[in-house]
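Undergrad: Got a structure here, written out as structure tokens. Questions coming.
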Amino acid sequence: MFERLTPAVKDPILSLSIACQLDTRANKLDLGVGVYRNEQGVTPVLETVKTAEQRLLDMQETKAYVGLAGCERFNRAMMTLLMGDNSSRSRAVAVQTPGASGALRMLADVIAMANPLAKVWMSDLSYANHAPIMKTAGLEVAYFPYFDPETKLVNEPAMLDTLATLGKNDVVLLHGCCHNPTGADLSYNAWQAITDLANQQGFLPFIDMAYQGFGDGMEEDAAGFRYLAERVPAYLVASSCSKNFGLYRERTGLAVVVADTLAKSESIKSRIMECARSTYTMPPDHGAAIVRIILEDEALKNAWLAEVTAMRQRIQGVRSSLADAIRQQTGNQAFDFIEQHKGMFSVLGTNAEQISRLKEEFGIYLVDGGRMNIAGLGEKDVPYLAESLAKVVS
């Protein structure tokens with residue numbers, strides 16, 4: 001039966017991390033896999049997560065199933081975090097999922113179920129798993145202009161020109177903040193323009209909010225999305241607790257549906273649960289229980305927000321230090337865009353030969369295309385990285 005089945009192509013990011021682990025050089029840097037690390041190079045368990053886990057251990061009395069939609073208290077708490085007091089909250093529903101990738105897949109399945117002719121438009125570049133998820137769900141994928149390789153910022157005019165040609169069979173997949181992989185975010189004005197186009201053209205906005213709190217702040221990072229949410233008749237959101245709660249391995253995510261009426265939203269939710277039943281059945285509860293405990297306790301939530309602030313400020317500090325160090329090494333401002341980018345990643349614009357040299361000569365591992373995980377870099381590593389980059393790009 002399996003004679004014709006050939007091995008899958010290795011995941012470009014995970015295989016890079018394995019290669020780095022096998023590298024015996026002391027000064028090697030794994031800047032590929034997208035996890036936050038502290039100055040000691042560790043992805044920490046947040047103190048608020050430890051507190052919530054201890055409470056869970058003390059009070060949990062059963063490991064019975066929670067349900068197809070997961071924990072509804074978690075769902076409500078996460079929707080409040082995402083949407084605040086947004087008026088569209090009154091017609092929003094949510095389903096807990098195994099990570100944001102699970103949310104993306106469940107929402108993709110529902111899109112395909114609702115409209116087999118739907119085409120999902122995403123930024124060029126975009127999160128590596130976006131296109132495979134959409135294609136596996138049977139959806140056609142297309143790309144709109146986004147990242148300008150010259151300025152390393154968003155080419156908003158070109159993007160908006162493309163969106164102005166779309167229609168009712170189109171879905172526009174947008175990064176809510178901290179764009180992966182580029183680090184280049186939409187301006188608030190661009191969110192306003194996208195909102196107008198969605199209403200004029202009839203396309204469906206689909207927001208991937210994986211890094212809320214890692215850009216400018218928990219509320220600030222949601223500002224553009226919330227503007228859109230107030231004004232469009234329908235939208236979808238996939239949200240992740242991996243980064244801002246540090247729950248990577250717990251696979252804790254949320255799929256949000258907002259139709260023009262609550263009744264329609266509830267109907268769509270029932271179809272998401274139908275899709276869940278035929279795939280993973282029940283989402284894992286542990287991470288969701290931790291998040292619920294934190295978000296429902298005001299003091300604990302404030303302590304968690306302080307921890308997110310500390311992570312964000314560390315990333316911003318590394319960005320500033322790296323841009324300054326490269327400027328000193330090269331004598332030019334070609335990499336100053338690093339300081340302008342938001343969140344965990346930046347795309348450097350290095351070519352294949354330069355990426356290969358960084359790996360072979362200096363033990364610095366970057367994803368093809370030059371995506372760098374800034375959040376995995378320590379201040380102590382900045383001088384070595386800047387010096388190595390200068391040698392490669394000069």
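Each chain in the structure tokens gets a letter, A, B, ..., in the order shown, and its residues are numbered from 1; ligands are numbered from 1 in order too.
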If you count only C-alpha atoms, which residues fall within 7 Å of Gly376 (chain A), apart from same-chain ones fewer than 6 positions away, as a VMD selection string?

TA: chain A and resid 31 35 to 37

Undergrad: Might you pull out every residue within 8 Å of Tyr227 (chain A), with only C-alpha atoms counted and same-chain residues fewer than 5 positions away left off, and present them as number ranges by chain?

TA: A: 191-192, 195

Undergrad: Using only C-alpha atoms, find each residue of region 184-280 of chain A with at least one atom at most 7 Å away from an atom of region 163-170 of chain A; report its shortest atom-to-atom pair and that distance in Å (one decimal), sort the rows by chain and rising residue number, and return the result as CSV.

TA:
residue,atom,partner,partner_atom,distance
A:Leu197,CA,A:Ala164,CA,6.2
A:Gln201,CA,A:Gly167,CA,5.0
A:Gly202,CA,A:Lys168,CA,4.7
A:Phe203,CA,A:Lys168,CA,4.8
A:Leu204,CA,A:Asp170,CA,6.5

Undergrad: Generate the output file for the selected residues, N, CA and C atoms, as a compact mmCIF listing (two decimals), in the first residue's frame.

TA:
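Okay, again.txt is ready:
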# COMPACT_ATOMS: atom_id res chain seq x y z
N LEU A 197 -12.43 49.12 2.00
CA LEU A 197 -12.44 48.22 0.84
C LEU A 197 -13.25 46.96 1.12
N GLN A 201 -16.07 46.16 -1.45
CA GLN A 201 -15.85 45.03 -2.35
C GLN A 201 -16.52 43.74 -1.89
N GLY A 202 -16.75 43.63 -0.59
CA GLY A 202 -17.44 42.46 -0.07
C GLY A 202 -16.56 41.30 0.32
N PHE A 203 -15.23 41.48 0.33
CA PHE A 203 -14.37 40.36 0.75
C PHE A 203 -14.43 40.18 2.27
N LEU A 204 -14.06 38.99 2.72
CA LEU A 204 -14.13 38.63 4.14
C LEU A 204 -12.76 38.80 4.80

Undergrad: Ranking A:Gln60, A:Thr151, A:Thr182, A:Ser126 by minimum distance to Asp336 (chain A) and counting only C-alpha atoms, which one comes first?

TA: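 Using only C-alpha atoms, Asp336 (chain A) sits closest to A:Thr151.
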
Undergrad: Just want the 8 Å neighbourhood of Ile294 (chain A), counted on only C-alpha atoms, with same-chain residues fewer than 5 positions away dropped. Output as a list in words.

TA: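 Everything that qualifies: Thr48, Val49, Ala52, Leu300, Lys301 and Trp304 of chain A.
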
Undergrad: If you keep C-alpha atoms, can you produce a file of those selected residues as a PDB file, in the first residue's frame?

TA:
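Generated output (result37.pdb):
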ATOM      1  CA  THR A  48       1.929  33.860  36.454  1.00  0.00           C
ATOM      2  CA  VAL A  49       1.638  30.604  34.531  1.00  0.00           C
ATOM      3  CA  ALA A  52      -2.120  29.425  37.700  1.00  0.00           C
ATOM      4  CA  LEU A 300      -2.887  37.810  38.303  1.00  0.00           C
ATOM      5  CA  LYS A 301      -3.838  39.354  34.972  1.00  0.00           C
ATOM      6  CA  TRP A 304       0.879  38.702  33.514  1.00  0.00           C
TER       7      TRP A 304
END

Undergrad: Mind giving me the straight-line distance from CA of Lys342 (chain A) to CA of Ile315 (chain A) in Å, one decimal?

TA: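 One can read the CA of Lys342 (chain A) to CA of Ile315 (chain A) distance as 8.9 Å.
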
Undergrad: So that I can check the surroundings of Ala114 (chain A), please list as a list in words every protein, DNA and RNA residue that reaches within 10 Å of it, counting only C-alpha atoms and ignoring chain neighbours fewer than 5 positions away.

TA: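 These residues fall inside the cut-off: Ala108, Asp109, Ile268 and Arg271 of chain A.
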
Undergrad: If you measure from CA of Arg105 (chain A) to CA of Asn129 (chain A), what distance in Å do you get, rounded to one decimal?

TA: 10.1 Å

Undergrad: Within 8 Å of region 130-139 of chain A, counting only C-alpha atoms, which residues show up once you throw out same-chain ones fewer than 2 positions away? Write them as a ChimeraX atom specification, please.

TA: /A:101,104-105,108-109,112,116-120,126-128,141

Undergrad: Counting only C-alpha atoms, figure out which residue out of A:Ile364, A:Ala259, A:Ala190, A:Leu153 gets nearest to Ala26 (chain A).

TA: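 Result for the nearest residue to Ala26 (chain A): A:Ile364.
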
Undergrad: CA of Ser267 (chain A) and CA of Asn115 (chain A) are how many Å apart?

TA: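 If I compute the distance from CA of Ser267 (chain A) to CA of Asn115 (chain A), I get 15.2 Å.
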
Undergrad: So that I can see what lies close to Ala158 (chain A), please list as an MDAnalysis selection string the residues with an atom at most 9 Å from it, counting only C-alpha atoms and leaving out residues fewer than 6 positions away in the same chain.

TA: chainID A and resid 144:146

Undergrad: As a PyMOL selection string, please: every residue in region 250-372 of chain A that a backbone DSSP assignment puts in strand (DSSP E).

TA: chain A and resi 252-258+345-347+364-365+371-372

Undergrad: Enumerate the residues of region 114-249 of chain A with a DSSP assignment of helix (DSSP H, G or I), computed from the backbone, and present them as an NGL selection string.

TA: :A and (114 or 130-136 or 156-163 or 188-201 or 220-231 or 248-249)
